[in-house]
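Just upload-v6.txt here, compact mmCIF, C-alpha atoms and all ligand atoms:
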```
# COMPACT_ATOMS: atom_id res chain seq x y z
CA MET A 1 -41.00 13.70 -63.89
CA LYS A 2 -39.76 12.58 -67.28
CA LYS A 3 -37.55 9.52 -67.40
CA ALA A 4 -35.09 8.17 -69.98
CA LEU A 5 -33.29 4.87 -70.48
CA LEU A 6 -29.50 5.21 -70.68
CA LEU A 7 -27.60 2.27 -72.20
CA ILE A 8 -23.87 2.35 -71.55
CA ASP A 9 -21.36 1.12 -74.15
CA LEU A 10 -23.19 -1.97 -75.47
CA GLN A 11 -20.50 -2.34 -78.14
CA ASN A 12 -18.91 -5.39 -79.75
CA ASP A 13 -15.50 -4.83 -78.18
CA PHE A 14 -16.98 -5.12 -74.67
CA CYS A 15 -18.87 -8.33 -75.55
CA LEU A 16 -17.91 -11.93 -76.33
CA ASN A 17 -14.77 -12.12 -78.54
CA GLY A 18 -14.35 -8.35 -78.32
CA ALA A 19 -11.01 -6.62 -77.83
CA LEU A 20 -11.88 -5.72 -74.24
CA ALA A 21 -14.55 -8.32 -73.52
CA VAL A 22 -16.34 -7.89 -70.21
CA PRO A 23 -17.11 -11.31 -68.67
CA GLU A 24 -20.74 -12.22 -69.56
CA GLY A 25 -21.05 -8.87 -71.35
CA ASP A 26 -23.40 -10.37 -73.96
CA ASP A 27 -25.84 -11.43 -71.26
CA VAL A 28 -27.04 -7.85 -70.84
CA ILE A 29 -28.17 -7.45 -74.46
CA ASP A 30 -31.46 -9.32 -73.96
CA ILE A 31 -32.12 -7.33 -70.79
CA ALA A 32 -31.32 -4.11 -72.65
CA ASN A 33 -33.78 -5.09 -75.39
CA GLN A 34 -36.55 -5.75 -72.88
CA ALA A 35 -35.91 -2.38 -71.26
CA ILE A 36 -35.82 -0.71 -74.70
CA ARG A 37 -39.25 -2.18 -75.59
CA LEU A 38 -40.76 -1.04 -72.28
CA PHE A 39 -39.49 2.52 -72.69
CA HIS A 40 -40.56 2.59 -76.33
CA GLN A 41 -44.08 1.44 -75.40
CA ARG A 42 -44.26 4.26 -72.84
CA ASN A 43 -42.99 6.76 -75.39
CA LEU A 44 -39.95 7.57 -73.23
CA PRO A 45 -36.52 8.40 -74.72
CA ILE A 46 -33.83 5.76 -75.14
CA ILE A 47 -30.20 6.89 -75.22
CA ALA A 48 -27.12 4.81 -76.01
CA THR A 49 -23.52 5.81 -75.33
CA LEU A 50 -20.54 4.71 -77.41
CA ASP A 51 -16.89 4.64 -76.42
CA TRP A 52 -15.46 6.18 -79.60
CA HIS A 53 -11.68 6.43 -79.70
CA PRO A 54 -9.25 7.59 -82.36
CA ALA A 55 -6.73 4.82 -83.19
CA ASP A 56 -3.94 6.80 -81.47
CA HIS A 57 -5.80 7.08 -78.16
CA LYS A 58 -3.31 7.12 -75.29
CA SER A 59 -5.45 4.92 -73.03
CA PHE A 60 -4.31 2.06 -75.27
CA ALA A 61 -1.18 0.39 -73.84
CA VAL A 62 0.33 0.14 -77.31
CA ASN A 63 0.17 3.93 -77.75
CA SER A 64 1.73 4.74 -74.37
CA GLY A 65 4.55 2.20 -74.25
CA THR A 66 2.90 0.37 -71.36
CA GLN A 67 1.45 -3.06 -70.66
CA ILE A 68 -2.26 -3.87 -70.73
CA GLY A 69 -3.67 -3.75 -67.20
CA GLU A 70 -0.78 -1.68 -65.89
CA THR A 71 -1.69 1.45 -63.95
CA GLY A 72 0.01 4.82 -63.99
CA GLU A 73 -0.68 8.39 -64.96
CA LEU A 74 -1.81 9.98 -68.20
CA ASN A 75 -1.52 13.77 -68.32
CA GLY A 76 -1.73 13.97 -64.53
CA LEU A 77 -4.70 11.64 -64.11
CA PRO A 78 -4.68 8.05 -62.82
CA GLN A 79 -4.87 5.69 -65.79
CA ILE A 80 -5.29 1.98 -66.44
CA TRP A 81 -3.86 0.98 -69.79
CA TRP A 82 -6.24 -0.99 -71.92
CA ALA A 83 -6.12 -3.13 -75.03
CA GLU A 84 -7.09 -1.20 -78.16
CA HIS A 85 -10.86 -1.01 -78.23
CA CYS A 86 -13.79 0.85 -79.76
CA VAL A 87 -11.75 2.53 -82.48
CA GLN A 88 -14.01 4.90 -84.43
CA GLY A 89 -15.57 3.30 -87.47
CA THR A 90 -14.46 -0.27 -86.70
CA LYS A 91 -16.67 -3.32 -86.16
CA GLY A 92 -15.57 -3.42 -82.53
CA ALA A 93 -17.00 0.04 -81.93
CA GLU A 94 -20.43 -0.85 -83.34
CA LEU A 95 -23.36 -1.48 -81.05
CA HIS A 96 -24.00 -5.20 -80.48
CA PRO A 97 -25.76 -6.73 -83.51
CA ARG A 98 -28.64 -8.10 -81.43
CA LEU A 99 -29.37 -4.75 -79.78
CA GLU A 100 -32.64 -3.19 -81.01
CA LYS A 101 -30.90 -0.12 -82.35
CA GLN A 102 -33.83 1.13 -84.41
CA LEU A 103 -35.65 2.08 -81.19
CA ILE A 104 -32.76 4.17 -79.83
CA ASN A 105 -33.51 7.91 -79.99
CA LYS A 106 -30.12 9.43 -79.23
CA LEU A 107 -26.47 8.36 -79.47
CA ILE A 108 -23.81 9.94 -77.25
CA TYR A 109 -20.15 9.53 -78.25
CA LYS A 110 -17.29 9.81 -75.76
CA GLY A 111 -13.53 9.31 -75.62
CA GLN A 112 -12.64 11.14 -78.84
CA ASN A 113 -9.79 13.18 -77.32
CA ASN A 114 -6.69 10.98 -77.57
CA GLU A 115 -5.01 12.66 -74.57
CA ILE A 116 -7.59 11.73 -71.94
CA ASP A 117 -9.77 8.75 -71.08
CA SER A 118 -13.50 9.15 -70.68
CA TYR A 119 -15.40 6.65 -68.58
CA SER A 120 -18.42 8.82 -67.82
CA ALA A 121 -21.02 9.57 -70.49
CA PHE A 122 -21.15 13.15 -69.15
CA PHE A 123 -17.50 14.26 -68.86
CA ASP A 124 -13.97 13.08 -69.64
CA ASN A 125 -11.98 11.74 -66.66
CA GLY A 126 -10.53 15.19 -65.90
CA LYS A 127 -13.87 16.98 -66.41
CA LEU A 128 -12.12 19.20 -68.96
CA SER A 129 -14.89 18.80 -71.51
CA GLU A 130 -18.41 17.44 -71.55
CA THR A 131 -20.44 15.43 -74.01
CA GLU A 132 -23.80 16.66 -75.19
CA LEU A 133 -25.62 14.30 -72.78
CA ASN A 134 -26.44 16.80 -70.03
CA SER A 135 -27.55 19.53 -72.42
CA TRP A 136 -29.67 17.06 -74.41
CA LEU A 137 -31.36 15.73 -71.26
CA THR A 138 -31.99 19.29 -70.08
CA SER A 139 -33.51 20.21 -73.46
CA GLN A 140 -35.85 17.21 -73.14
CA ASN A 141 -36.73 18.08 -69.53
CA ILE A 142 -35.50 14.68 -68.34
CA LYS A 143 -34.65 14.47 -64.63
CA GLN A 144 -34.66 10.71 -64.06
CA LEU A 145 -32.40 8.10 -65.63
CA VAL A 146 -32.66 4.33 -65.70
CA VAL A 147 -29.17 3.01 -66.43
CA LEU A 148 -27.72 -0.32 -67.52
CA GLY A 149 -24.70 -1.50 -69.50
CA LEU A 150 -20.96 -2.10 -69.48
CA ALA A 151 -18.93 -2.05 -67.44
CA THR A 152 -20.27 -1.76 -63.88
CA ASP A 153 -16.91 -0.77 -62.39
CA TYR A 154 -15.93 1.85 -65.01
CA CYS A 155 -18.26 3.54 -67.47
CA VAL A 156 -21.50 2.66 -65.65
CA LYS A 157 -20.10 3.75 -62.29
CA PHE A 158 -18.66 7.08 -63.45
CA THR A 159 -21.74 7.91 -65.51
CA VAL A 160 -23.99 7.26 -62.53
CA LEU A 161 -21.79 9.25 -60.11
CA ASP A 162 -21.63 12.22 -62.48
CA GLY A 163 -25.36 12.00 -63.16
CA LEU A 164 -26.13 12.05 -59.43
CA ALA A 165 -23.78 15.01 -58.93
CA LEU A 166 -25.64 16.83 -61.71
CA GLY A 167 -28.90 16.27 -59.83
CA TYR A 168 -30.48 13.40 -61.77
CA GLN A 169 -32.44 10.71 -59.98
CA ILE A 170 -30.88 7.43 -61.04
CA GLU A 171 -32.06 3.86 -60.97
CA LEU A 172 -29.50 1.23 -61.94
CA ILE A 173 -30.72 -2.07 -63.40
CA ALA A 174 -28.22 -4.35 -61.67
CA ASP A 175 -29.01 -7.44 -63.76
CA GLY A 176 -28.40 -5.34 -66.87
CA CYS A 177 -24.78 -4.59 -65.89
CA ARG A 178 -21.55 -6.60 -65.87
CA GLY A 179 -18.12 -5.59 -64.60
CA VAL A 180 -14.49 -5.96 -65.66
CA ASN A 181 -13.40 -6.90 -62.11
CA LEU A 182 -9.65 -6.46 -62.43
CA GLN A 183 -9.95 -7.01 -58.66
CA PRO A 184 -12.66 -9.56 -57.76
CA HIS A 185 -14.88 -7.17 -55.80
CA ASP A 186 -14.64 -4.10 -58.05
CA SER A 187 -18.24 -4.35 -59.28
CA GLN A 188 -19.64 -4.86 -55.79
CA GLN A 189 -17.67 -1.86 -54.57
CA ALA A 190 -18.91 0.19 -57.51
CA LEU A 191 -22.53 -0.68 -56.65
CA THR A 192 -21.94 0.29 -53.02
CA GLU A 193 -20.40 3.61 -54.06
CA MET A 194 -23.29 4.38 -56.41
CA VAL A 195 -25.84 3.63 -53.66
CA GLN A 196 -23.91 5.75 -51.13
CA ASN A 197 -24.16 8.63 -53.59
CA GLY A 198 -27.90 8.24 -54.02
CA ALA A 199 -28.50 5.69 -56.79
CA LYS A 200 -31.28 3.16 -56.38
CA ILE A 201 -30.43 -0.41 -57.38
CA ILE A 202 -33.31 -2.17 -59.12
CA ARG A 203 -33.83 -5.17 -61.39
CA LEU A 204 -35.38 -5.33 -64.85
CA VAL A 205 -38.65 -6.65 -63.39
CA ASP A 206 -38.97 -3.45 -61.33
CA ILE A 207 -39.21 -1.03 -64.26
ZN ZN B 1 -12.33 3.30 -73.87
```
Output the file's structure in the form of structure tokens.
Ligand SMILES: [Zn+2]
Amino acid sequence: MKKALLLIDLQNDFCLNGALAVPEGDDVIDIANQAIRLFHQRNLPIIATLDWHPADHKSFAVNSGTQIGETGELNGLPQIWWAEHCVQGTKGAELHPRLEKQLINKLIYKGQNNEIDSYSAFFDNGKLSETELNSWLTSQNIKQLVVLGLATDYCVKFTVLDGLALGYQIELIADGCRGVNLQPHDSQQALTEMVQNGAKIIRLVDI
């Protein structure tokens, strides 16, 4: 069965000094590069997702008259309000400068609709629209995904859960992920939830 590497949101704003820096976010870049080289050597596809918001995106506290970290509802869906991040075309939205971008075969953009947040690389949070990820994977006959990236408790988790629900076999490289951890155990809970739904937790050395 054909396998692909799926790199989640390895963008400047989620790394050191970024607008929405994930603790130790940078530490996954070297692991991502090692995984990229392995997949490239095996001639297997490498996909990277990008959170890609318009400046007026309503998940930003400043655009919704809320405070950063506050929770509430946006158009009927539970929402956490975030600092402005990954605004289309800005430095913060670019992939990390050390990431071996030239070996990436496909970019998937998400979060362009300003009315709804989009943690998963497959669908927005209300599953109202989908990205081209599933159709692209189907066109390439890919049934297995090896996933790593940022952040464990949001975009990695929802991508993995949606991927499992769509029937993909998923291995998660745990040492290639870091979490936001608004609550201290959020990442651990996310890992547990992914495993309960069928994901296999591995480490870089296992691929
Ligand atoms: Zn976002």
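Closest approach to ligand ZN 1 (chain B) among A:Asn105, A:Gln11, A:Gln41, A:Ser118: A:Ser118, based on all atoms listed in the file.
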Inset, instruction - Within 10 Å of Ala35 (chain A), counting all atoms listed in the file, which residues show up once you throw out same-chain ones fewer than 6 positions away? Write them as a PyMOL selection string, please. - result: chain A and resi 5-7+29+41+46+146-148+173+176+204-205+207
Inset, instruction - All residues within 12 Å of ligand ZN 1 (chain B) are required, counting all atoms listed in the file; please report them as number ranges by chain. - result: A: 8-9, 11, 13-14, 19-21, 49-61, 79-88, 92-93, 109-121, 124-125, 150-151, 154-155
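Atom pair CA of Gln188 (chain A) / CA of Gly72 (chain A): separated by 23.4 Å.
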Inset, instruction - Measure the distance from CA of Val28 (chain A) to CA of Lys143 (chain A) in Å and round it to one decimal. - result: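 For CA of Val28 (chain A) relative to CA of Lys143 (chain A), the distance reads 24.4 Å.
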Legend entry - d(CA of Leu10 (chain A), CA of Val195 (chain A)) in Å: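 These atoms are spaced 22.7 Å apart.
Shortest separation to Glu171 (chain A) among A:Pro184, A:Gly126, A:Gly25, A:Gly198 occurs at residue A:Gly198, atoms counted being all atoms listed in the file.
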Inset, instruction - Could you tell me which of A:Lys2, A:Lys101, A:His185, A:Lys157 comes closest to Ile36 (chain A) if we count all atoms listed in the file? - result: A:Lys101
Legend entry - Residue among A:Arg178, A:Ala4, A:Ile202, A:Pro78 lying closest to Pro23 (chain A), counting all atoms listed in the file: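 Selected residue with least distance to Pro23 (chain A): A:Arg178.
Minimum distance to Lys127 (chain A) across A:Gly179, A:His40, A:Asp30, A:Leu77 (counting all atoms listed in the file) occurs at A:Leu77.
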